[in-house]
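Printed here is final.csv (CSV, C-alpha atoms (C1' of nucleotides)):
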```csv
chain,number,residue,atom,x,y,z
A,1,MET,CA,53.7,-81.2,62.9
A,2,ASN,CA,51.9,-77.8,62.7
A,3,ILE,CA,52.8,-74.7,64.8
A,4,ASN,CA,49.7,-74.4,66.9
A,5,LYS,CA,49.8,-78.0,68.0
A,6,VAL,CA,53.5,-77.6,69.0
A,7,LYS,CA,52.6,-74.4,70.8
A,8,ASN,CA,49.9,-76.2,72.8
A,9,ILE,CA,52.2,-79.0,73.7
A,10,ILE,CA,54.9,-76.7,75.0
A,11,SER,CA,52.6,-74.3,76.8
A,12,GLU,CA,50.5,-77.0,78.4
A,13,SER,CA,53.6,-78.5,80.0
A,14,GLY,CA,54.1,-75.2,81.8
A,15,LEU,CA,57.0,-74.0,79.7
A,16,LYS,CA,57.3,-70.6,78.1
A,17,PHE,CA,56.6,-70.8,74.4
A,18,THR,CA,59.6,-69.4,72.4
A,19,HIS,CA,60.6,-69.6,68.8
A,20,GLN,CA,63.7,-71.7,69.7
A,21,ARG,CA,61.6,-74.2,71.6
A,22,MET,CA,59.2,-74.4,68.7
A,23,VAL,CA,61.8,-75.3,66.1
A,24,ILE,CA,63.7,-77.6,68.4
A,25,TYR,CA,60.6,-79.6,69.3
A,26,LYS,CA,59.4,-79.7,65.7
A,27,SER,CA,62.8,-81.0,64.6
A,28,ILE,CA,62.6,-83.9,67.1
A,29,VAL,CA,59.1,-84.8,66.2
A,30,ASP,CA,59.7,-84.7,62.5
A,31,ALA,CA,63.0,-86.6,62.7
A,32,GLU,CA,63.0,-90.0,61.2
A,33,ASN,CA,65.6,-91.5,63.5
A,34,HIS,CA,67.0,-90.6,66.9
A,35,PRO,CA,68.8,-87.3,66.5
A,36,THR,CA,71.7,-86.0,68.5
A,37,ALA,CA,71.8,-82.4,69.8
A,38,GLU,CA,74.2,-81.7,66.9
A,39,HIS,CA,71.7,-83.2,64.4
A,40,VAL,CA,68.9,-81.0,65.7
A,41,PHE,CA,71.2,-78.0,65.6
A,42,ASP,CA,72.2,-78.7,62.0
A,43,SER,CA,68.6,-79.2,60.9
A,44,ILE,CA,67.5,-75.8,62.2
A,45,LYS,CA,70.4,-73.5,61.9
A,46,THR,CA,69.9,-72.6,58.2
A,47,GLN,CA,66.4,-71.3,59.0
A,48,ASN,CA,67.5,-69.9,62.4
A,49,PRO,CA,71.1,-68.7,62.0
A,50,SER,CA,71.3,-67.0,65.4
A,51,ILE,CA,70.4,-70.1,67.4
A,52,SER,CA,73.1,-71.5,69.6
A,53,LEU,CA,74.2,-75.1,70.2
A,54,GLY,CA,74.2,-74.4,73.9
A,55,THR,CA,70.5,-73.5,73.7
A,56,VAL,CA,69.8,-76.7,71.9
A,57,TYR,CA,71.3,-78.7,74.7
A,58,LYS,CA,69.5,-76.7,77.4
A,59,THR,CA,66.2,-76.9,75.6
A,60,LEU,CA,66.4,-80.6,74.9
A,61,ASP,CA,67.2,-81.1,78.6
A,62,THR,CA,64.2,-78.9,79.5
A,63,PHE,CA,62.0,-81.0,77.3
A,64,VAL,CA,63.2,-84.3,78.9
A,65,ASN,CA,62.6,-83.0,82.4
A,66,ALA,CA,59.1,-81.8,81.3
A,67,GLY,CA,58.4,-85.3,80.0
A,68,LEU,CA,57.9,-84.1,76.4
A,69,ILE,CA,60.7,-86.2,74.9
A,70,GLN,CA,63.0,-88.9,76.1
A,71,LYS,CA,66.7,-89.4,75.8
A,72,PHE,CA,69.1,-92.3,75.8
A,73,VAL,CA,72.8,-92.9,75.2
A,74,ASP,CA,73.9,-94.7,72.1
A,75,ASN,CA,76.7,-97.2,71.6
A,76,LYS,CA,79.2,-94.5,71.2
A,77,GLY,CA,78.2,-92.6,74.3
A,78,VAL,CA,76.3,-89.9,72.5
A,79,MET,CA,72.9,-88.6,73.7
A,80,ARG,CA,70.0,-89.4,71.4
A,81,PHE,CA,66.5,-87.9,71.6
A,82,ASP,CA,63.1,-89.2,70.7
A,83,ALA,CA,59.6,-87.9,70.8
A,84,ILE,CA,58.0,-91.3,70.9
A,85,LEU,CA,57.6,-91.8,74.6
A,86,GLU,CA,56.2,-95.3,74.5
A,87,ALA,CA,59.0,-97.0,72.7
A,88,HIS,CA,62.0,-98.1,74.8
A,89,SER,CA,63.6,-100.8,72.7
A,90,HIS,CA,66.1,-100.1,70.0
A,91,ILE,CA,67.7,-101.9,67.1
A,92,TYR,CA,71.3,-101.0,66.4
A,93,CYS,CA,72.8,-101.8,63.0
A,94,ARG,CA,76.5,-102.4,63.1
A,95,LYS,CA,76.9,-101.8,59.4
A,96,THR,CA,75.0,-98.5,59.0
A,97,ASN,CA,75.0,-97.3,62.6
A,98,GLU,CA,71.3,-96.6,62.3
A,99,ILE,CA,69.1,-96.9,65.4
A,100,SER,CA,65.5,-97.8,64.9
A,101,ASP,CA,62.7,-98.2,67.4
A,102,TYR,CA,61.3,-101.6,68.1
A,103,GLN,CA,57.8,-101.9,69.5
A,104,ASN,CA,55.9,-105.1,70.1
A,105,LYS,CA,53.0,-105.4,72.5
A,106,ALA,CA,53.3,-109.2,72.7
A,107,LEU,CA,56.9,-109.0,73.7
A,108,GLU,CA,56.2,-106.3,76.3
A,109,LEU,CA,53.5,-108.5,77.8
A,110,MET,CA,55.7,-111.5,77.8
A,111,LEU,CA,58.5,-109.7,79.6
A,112,LYS,CA,56.1,-108.1,82.1
A,113,ASP,CA,54.8,-111.6,82.8
A,114,PHE,CA,58.3,-113.1,83.1
A,115,PHE,CA,59.5,-110.5,85.6
A,116,GLU,CA,56.3,-110.9,87.7
A,117,LYS,CA,57.2,-114.5,88.0
A,118,HIS,CA,60.9,-113.9,88.4
A,119,LYS,CA,61.2,-111.0,90.8
A,120,ILE,CA,64.6,-109.5,91.4
A,121,GLU,CA,65.4,-109.5,95.1
A,122,ASP,CA,65.1,-106.1,96.8
A,123,PHE,CA,64.6,-104.4,93.5
A,124,GLU,CA,61.6,-102.6,92.0
A,125,ILE,CA,61.5,-102.6,88.2
A,126,ASP,CA,60.4,-99.3,86.6
A,127,GLU,CA,61.2,-100.1,83.0
A,128,ILE,CA,62.4,-102.9,80.8
A,129,SER,CA,63.9,-102.3,77.4
A,130,ILE,CA,65.5,-104.4,74.8
A,131,VAL,CA,68.7,-103.7,72.8
A,132,ILE,CA,68.9,-105.6,69.6
A,133,LYS,CA,72.3,-105.6,67.8
A,134,GLY,CA,72.9,-107.0,64.4
A,135,GLN,CA,73.0,-105.9,60.8
A,136,LYS,CA,70.9,-105.1,57.8
A,137,VAL,CA,70.9,-107.8,55.1
A,138,GLN,CA,70.4,-107.4,51.3
B,139,MET,CA,92.7,-114.5,90.2
B,140,ASN,CA,96.2,-115.8,90.4
B,141,ILE,CA,99.1,-114.5,88.3
B,142,ASN,CA,99.9,-117.6,86.3
B,143,LYS,CA,96.3,-118.0,85.2
B,144,VAL,CA,96.2,-114.3,84.1
B,145,LYS,CA,99.5,-114.8,82.3
B,146,ASN,CA,98.1,-117.8,80.4
B,147,ILE,CA,95.0,-116.0,79.4
B,148,ILE,CA,96.9,-113.0,78.1
B,149,SER,CA,99.6,-115.0,76.3
B,150,GLU,CA,97.2,-117.4,74.8
B,151,SER,CA,95.3,-114.6,73.1
B,152,GLY,CA,98.5,-113.6,71.3
B,153,LEU,CA,99.3,-110.6,73.3
B,154,LYS,CA,102.6,-109.8,74.9
B,155,PHE,CA,102.5,-110.3,78.6
B,156,THR,CA,103.4,-107.2,80.5
B,157,HIS,CA,103.1,-106.1,84.1
B,158,GLN,CA,100.6,-103.4,83.2
B,159,ARG,CA,98.4,-105.9,81.3
B,160,MET,CA,98.5,-108.2,84.2
B,161,VAL,CA,97.3,-105.7,86.8
B,162,ILE,CA,94.7,-104.2,84.5
B,163,TYR,CA,93.2,-107.6,83.7
B,164,LYS,CA,93.3,-108.7,87.3
B,165,SER,CA,91.5,-105.5,88.3
B,166,ILE,CA,88.7,-106.1,85.8
B,167,VAL,CA,88.3,-109.8,86.8
B,168,ASP,CA,88.3,-109.1,90.5
B,169,ALA,CA,86.0,-106.1,90.3
B,170,GLU,CA,82.6,-106.6,91.8
B,171,ASN,CA,80.7,-104.3,89.5
B,172,HIS,CA,81.4,-102.8,86.0
B,173,PRO,CA,84.4,-100.6,86.4
B,174,THR,CA,85.2,-97.5,84.2
B,175,ALA,CA,88.8,-96.9,82.9
B,176,GLU,CA,89.2,-94.4,85.8
B,177,HIS,CA,88.0,-97.0,88.3
B,178,VAL,CA,90.6,-99.5,87.0
B,179,PHE,CA,93.3,-96.8,87.1
B,180,ASP,CA,92.4,-95.8,90.7
B,181,SER,CA,92.4,-99.4,91.8
B,182,ILE,CA,95.9,-100.1,90.6
B,183,LYS,CA,97.8,-96.8,90.8
B,184,THR,CA,98.7,-97.1,94.5
B,185,GLN,CA,100.6,-100.4,93.8
B,186,ASN,CA,101.8,-99.2,90.4
B,187,PRO,CA,102.5,-95.4,90.6
B,188,SER,CA,104.2,-95.1,87.3
B,189,ILE,CA,101.2,-96.5,85.3
B,190,SER,CA,99.4,-94.1,83.0
B,191,LEU,CA,95.7,-93.5,82.5
B,192,GLY,CA,96.4,-93.6,78.7
B,193,THR,CA,97.9,-97.0,79.0
B,194,VAL,CA,94.8,-98.2,80.9
B,195,TYR,CA,92.5,-97.0,78.1
B,196,LYS,CA,94.7,-98.5,75.4
B,197,THR,CA,95.1,-101.8,77.3
B,198,LEU,CA,91.3,-102.1,77.9
B,199,ASP,CA,90.7,-101.5,74.2
B,200,THR,CA,93.3,-104.2,73.3
B,201,PHE,CA,91.6,-106.6,75.6
B,202,VAL,CA,88.2,-105.9,74.1
B,203,ASN,CA,89.6,-106.4,70.6
B,204,ALA,CA,91.2,-109.7,71.7
B,205,GLY,CA,87.9,-110.8,73.1
B,206,LEU,CA,89.1,-111.1,76.7
B,207,ILE,CA,86.6,-108.6,78.1
B,208,GLN,CA,83.6,-106.7,76.8
B,209,LYS,CA,82.6,-103.1,77.1
B,210,PHE,CA,79.4,-101.2,77.0
B,211,VAL,CA,78.2,-97.6,77.5
B,212,ASP,CA,76.3,-96.7,80.7
B,213,ASN,CA,73.4,-94.3,81.2
B,214,LYS,CA,75.8,-91.4,81.5
B,215,GLY,CA,77.8,-92.2,78.3
B,216,VAL,CA,80.8,-93.6,80.2
B,217,MET,CA,82.5,-96.9,79.1
B,218,ARG,CA,82.2,-99.8,81.4
B,219,PHE,CA,84.2,-103.0,81.3
B,220,ASP,CA,83.3,-106.5,82.2
B,221,ALA,CA,85.2,-109.8,82.2
B,222,ILE,CA,82.0,-111.9,82.2
B,223,LEU,CA,81.6,-112.5,78.5
B,224,GLU,CA,78.3,-114.3,78.6
B,225,ALA,CA,76.2,-111.8,80.5
B,226,HIS,CA,74.7,-109.0,78.3
B,227,SER,CA,71.8,-107.8,80.4
B,228,HIS,CA,72.1,-105.2,83.1
B,229,ILE,CA,70.2,-103.8,85.9
B,230,TYR,CA,70.5,-100.0,86.6
B,231,CYS,CA,69.6,-98.6,89.9
B,232,ARG,CA,68.3,-95.0,89.8
B,233,LYS,CA,69.0,-94.5,93.5
B,234,THR,CA,72.6,-95.9,93.8
B,235,ASN,CA,73.6,-95.7,90.2
B,236,GLU,CA,74.9,-99.3,90.5
B,237,ILE,CA,74.9,-101.6,87.5
B,238,SER,CA,74.5,-105.3,88.1
B,239,ASP,CA,74.6,-108.2,85.7
B,240,TYR,CA,71.4,-110.1,85.0
B,241,GLN,CA,71.7,-113.6,83.7
B,242,ASN,CA,68.8,-116.0,83.2
B,243,LYS,CA,68.8,-118.9,80.8
B,244,ALA,CA,65.1,-119.2,80.6
B,245,LEU,CA,64.7,-115.6,79.6
B,246,GLU,CA,67.4,-115.9,77.0
B,247,LEU,CA,65.7,-119.0,75.5
B,248,MET,CA,62.3,-117.2,75.6
B,249,LEU,CA,63.8,-114.2,73.7
B,250,LYS,CA,65.6,-116.4,71.2
B,251,ASP,CA,62.4,-118.2,70.5
B,252,PHE,CA,60.4,-115.0,70.3
B,253,PHE,CA,62.7,-113.5,67.7
B,254,GLU,CA,62.8,-116.7,65.7
B,255,LYS,CA,59.0,-116.4,65.3
B,256,HIS,CA,59.1,-112.6,64.9
B,257,LYS,CA,61.9,-112.0,62.4
B,258,ILE,CA,62.8,-108.3,61.8
B,259,GLU,CA,62.6,-107.6,58.1
B,260,ASP,CA,65.9,-107.4,56.3
B,261,PHE,CA,67.8,-107.6,59.6
B,262,GLU,CA,70.0,-110.3,61.1
B,263,ILE,CA,70.1,-110.3,64.9
B,264,ASP,CA,73.5,-110.9,66.5
B,265,GLU,CA,72.7,-110.2,70.1
B,266,ILE,CA,69.8,-109.3,72.3
B,267,SER,CA,70.2,-107.8,75.7
B,268,ILE,CA,67.9,-106.4,78.3
B,269,VAL,CA,68.2,-103.2,80.2
B,270,ILE,CA,66.3,-103.2,83.5
B,271,LYS,CA,65.9,-99.8,85.2
B,272,GLY,CA,64.4,-99.3,88.6
B,273,GLN,CA,65.5,-99.0,92.2
B,274,LYS,CA,66.6,-100.9,95.2
B,275,VAL,CA,64.1,-101.3,97.9
B,276,GLN,CA,64.6,-101.6,101.7
C,277,DG,C1',58.5,-55.4,85.5
C,278,DT,C1',60.3,-59.8,86.7
C,279,DG,C1',61.9,-64.2,86.1
C,280,DC,C1',62.9,-67.4,82.9
C,281,DG,C1',65.2,-68.1,78.3
C,282,DT,C1',69.0,-67.3,75.1
C,283,DG,C1',73.7,-66.7,73.1
C,284,DC,C1',78.3,-66.8,73.6
C,285,DA,C1',82.6,-68.4,75.2
C,286,DA,C1',85.2,-70.7,78.4
C,287,DA,C1',85.4,-74.8,81.1
C,288,DT,C1',84.9,-79.7,81.9
C,289,DC,C1',84.9,-84.6,81.3
C,290,DG,C1',85.9,-88.9,79.3
C,291,DT,C1',88.6,-90.5,75.7
C,292,DT,C1',92.0,-90.6,71.8
C,293,DT,C1',96.2,-89.5,69.6
C,294,DG,C1',101.2,-88.9,68.5
C,295,DC,C1',105.5,-89.7,69.6
C,296,DA,C1',110.0,-90.9,71.9
C,297,DG,C1',111.8,-94.2,74.8
C,298,DA,C1',111.4,-99.0,77.0
C,299,DT,C1',110.8,-104.0,76.8
C,300,DA,C1',109.0,-108.8,75.6
C,301,DG,C1',109.7,-112.3,72.6
D,302,DC,C1',117.0,-107.1,67.3
D,303,DT,C1',112.5,-105.6,66.3
D,304,DA,C1',107.8,-105.0,66.8
D,305,DT,C1',105.0,-103.9,70.1
D,306,DC,C1',103.9,-101.6,74.4
D,307,DT,C1',104.2,-97.7,77.6
D,308,DG,C1',104.1,-92.9,79.5
D,309,DC,C1',103.3,-88.4,78.8
D,310,DA,C1',101.1,-84.4,77.2
D,311,DA,C1',98.5,-82.4,73.9
D,312,DA,C1',94.2,-82.7,71.2
D,313,DC,C1',89.6,-84.0,70.8
D,314,DG,C1',84.4,-84.3,70.8
D,315,DA,C1',80.3,-84.0,73.4
D,316,DT,C1',78.3,-81.7,77.0
D,317,DT,C1',77.9,-78.2,80.8
D,318,DT,C1',78.5,-73.8,82.9
D,319,DG,C1',78.5,-68.7,84.0
D,320,DC,C1',77.0,-64.6,82.9
D,321,DA,C1',75.0,-60.5,80.5
D,322,DC,C1',71.3,-59.5,77.7
D,323,DG,C1',66.6,-60.3,75.8
D,324,DC,C1',61.9,-61.5,75.8
D,325,DA,C1',57.3,-64.1,77.2
D,326,DC,C1',54.0,-63.7,80.5
```

Take the structure in the file and give it back as structure tokens.
Amino acid sequence: MNINKVKNIISESGLKFTHQRMVIYKSIVDAENHPTAEHVFDSIKTQNPSISLGTVYKTLDTFVNAGLIQKFVDNKGVMRFDAILEAHSHIYCRKTNEISDYQNKALELMLKDFFEKHKIEDFEIDEISIVIKGQKVQ
Amino acid sequence: MNINKVKNIISESGLKFTHQRMVIYKSIVDAENHPTAEHVFDSIKTQNPSISLGTVYKTLDTFVNAGLIQKFVDNKGVMRFDAILEAHSHIYCRKTNEISDYQNKALELMLKDFFEKHKIEDFEIDEISIVIKGQKVQ
DNA sequence: GTGCGTGCAAATCGTTTGCAGATAG
DNA sequence: CTATCTGCAAACGATTTGCACGCAC
């Protein structure tokens, strides 16, 4: 993703635009999988040696609160970050420990429909996500 | 749950039966929600002052490996334990931070059916669970 | 100029580890 | 008797915090 676009995204959400925020946001958006704070730090520290891991944590948190990215906790209890705001469902591979997004409109509709018919007593559902565990084959 | 039943469950799974294992297992089975290791420790330490938190962690891990209980990681990255082996889906309340089990045969069948029709490429699914987030009302 | 952002180091929290002594089978 | 289990304390990894300085607006 190019610098101007990133600058717009950050500024428009009411945050000050800084170099650190730029590289951190870019790192998340460009990441293939769901990076941890440490992953982000590693991916940017060569180009930005003075950046601090604490800043990465604080900045990621700021982004989450601003709604720019989302976070979730993986199987091992480590925070993962993701710039795709729509996807909530994940596939965990026991073999490689990879985590991939799973998106399927039909499934979402089916679930929405199911829970409209099967309300949970005294509970208002905000979000439903699916966790698929298994392993890669071949 | 009564002592003899617990003793049988532990012994039959090939583990030595000890007082610590008994109270820890009982604590999980009798727990209403999904206790953390700390919760288990707190719930038993008054009656068993010499028990150690490290032992609680090790014992819970032993039980998980023996298939007696299951564990999962909550929103905050903390391990939770559960003696109900069948239930995999959970309801998280944003307001109270409570975690409840959700079990519904029809939903399970529907999901099983869905993923039989929509195979994930090069991936073998072992387990599907649902995470419902929202809040209690009234 | 002012308030928010950053870097650093220390602190915290949940969890794991290593080891010496205790105990179930 | 012996392998396994327990208790303790120290170590660990991920994350948070406090504070002085720096920089975007």

Could you please tell me, as a list in words, which residues of chain B have an atom within 12 Å of chain D when using only C-alpha atoms (C1' of nucleotides)?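 Per the criterion, chain B yields Gly152, Leu153, Lys154, Phe155, Thr156, His157, Gln158, Arg159, Pro187, Ser188, Ile189, Ser190, Leu191, Gly192, Thr193, Val194, Tyr195, Lys196, Thr197, Thr200, Lys214, Gly215 and Val216 of chain B.
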
Within 10 Å of chain A, which residues of chain C come that close, and what is the closest atom pair and distance in Å for each? Count all atoms listed in the file and give it as JSON lines.
```
{"residue": "C:DC280", "atom": "C1'", "partner": "A:Lys16", "partner_atom": "CA", "distance": 8.0}
{"residue": "C:DG281", "atom": "C1'", "partner": "A:Thr18", "partner_atom": "CA", "distance": 8.2}
{"residue": "C:DT282", "atom": "C1'", "partner": "A:Thr55", "partner_atom": "CA", "distance": 6.5}
{"residue": "C:DG283", "atom": "C1'", "partner": "A:Ser52", "partner_atom": "CA", "distance": 6.0}
{"residue": "C:DC284", "atom": "C1'", "partner": "A:Ser52", "partner_atom": "CA", "distance": 8.1}
{"residue": "C:DG290", "atom": "C1'", "partner": "A:Gly77", "partner_atom": "CA", "distance": 9.9}
```

Nearest to chain A by atom-to-atom distance, counting only C-alpha atoms, from B:Glu246, B:Asn213, B:Gln208, B:Thr234: B:Asn213

Select all residues from chain B having any atom no more than 7 Å from an atom of chain A (counting all atoms listed in the file, ignoring ligands), output as a list of chain:residue names.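 Residues passing the distance filter: B:Val211, B:Asn213, B:Gly215, B:Val216, B:Asp260, B:Phe261, B:Glu262, B:Ile263, B:Asp264, B:Glu265, B:Ile266, B:Ser267, B:Ile268, B:Val269, B:Ile270, B:Lys271, B:Gly272, B:Gln273, B:Lys274, B:Val275, B:Gln276.
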
Please, could you write that set of residues out with C-alpha atoms as an mmCIF file, keeping the file's coordinate frame?
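Written output follows (result13.cif):
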```
data_model
loop_
_atom_site.group_PDB
_atom_site.id
_atom_site.type_symbol
_atom_site.label_atom_id
_atom_site.label_comp_id
_atom_site.auth_asym_id
_atom_site.auth_seq_id
_atom_site.Cartn_x
_atom_site.Cartn_y
_atom_site.Cartn_z
ATOM 1 C CA VAL B 211 78.200 -97.600 77.500
ATOM 2 C CA ASN B 213 73.400 -94.300 81.200
ATOM 3 C CA GLY B 215 77.800 -92.200 78.300
ATOM 4 C CA VAL B 216 80.800 -93.600 80.200
ATOM 5 C CA ASP B 260 65.900 -107.400 56.300
ATOM 6 C CA PHE B 261 67.800 -107.600 59.600
ATOM 7 C CA GLU B 262 70.000 -110.300 61.100
ATOM 8 C CA ILE B 263 70.100 -110.300 64.900
ATOM 9 C CA ASP B 264 73.500 -110.900 66.500
ATOM 10 C CA GLU B 265 72.700 -110.200 70.100
ATOM 11 C CA ILE B 266 69.800 -109.300 72.300
ATOM 12 C CA SER B 267 70.200 -107.800 75.700
ATOM 13 C CA ILE B 268 67.900 -106.400 78.300
ATOM 14 C CA VAL B 269 68.200 -103.200 80.200
ATOM 15 C CA ILE B 270 66.300 -103.200 83.500
ATOM 16 C CA LYS B 271 65.900 -99.800 85.200
ATOM 17 C CA GLY B 272 64.400 -99.300 88.600
ATOM 18 C CA GLN B 273 65.500 -99.000 92.200
ATOM 19 C CA LYS B 274 66.600 -100.900 95.200
ATOM 20 C CA VAL B 275 64.100 -101.300 97.900
ATOM 21 C CA GLN B 276 64.600 -101.600 101.700
#
```

Report the distance between atom CA of B:Lys250 and atom CA of A:Asp101 in Å, rounded to one decimal place.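 Atom-to-atom, atom CA of B:Lys250 and atom CA of A:Asp101 are spaced 18.8 Å apart.
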
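Interatomic distance, atom CA of B:Val202 against atom CA of B:Phe219: 8.7 Å.
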
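Minimum atom-to-atom distances from A:Val23, A:Leu109, A:Leu85, A:Ile10 to A:Phe63 were compared using all atoms listed in the file, and the lowest value belongs to A:Ile10.
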
Correct to one decimal, the distance atom CA of A:Ile44-atom CA of A:His90 is 25.6 Å

Spatial neighbours of A:Lys26, 8 Å, all atoms listed in the file, chain gap at least 4 places, as a PyMOL selection string: chain A and resi 1+6+22+30

Emit the selected residues as a compact mmCIF listing (two decimals), keeping the file's coordinate frame, including C-alpha atoms.
```txt
# COMPACT_ATOMS: atom_id res chain seq x y z
CA MET A 1 53.70 -81.20 62.90
CA VAL A 6 53.50 -77.60 69.00
CA MET A 22 59.20 -74.40 68.70
CA ASP A 30 59.70 -84.70 62.50
```

Mind listing whatever residues come within 12 Å of the point (81.1, -102.2, 90.9)? Use all atoms listed in the file, file coordinates, and give them as a list of chain:residue names. B:Ser165, B:Ile166, B:Val167, B:Asp168, B:Ala169, B:Glu170, B:Asn171, B:His172, B:Pro173, B:Thr174, B:His177, B:Val178, B:Ser181, B:Arg218, B:Phe219, B:Asp220, B:Tyr230, B:Thr234, B:Asn235, B:Glu236, B:Ile237, B:Ser238, B:Asp239
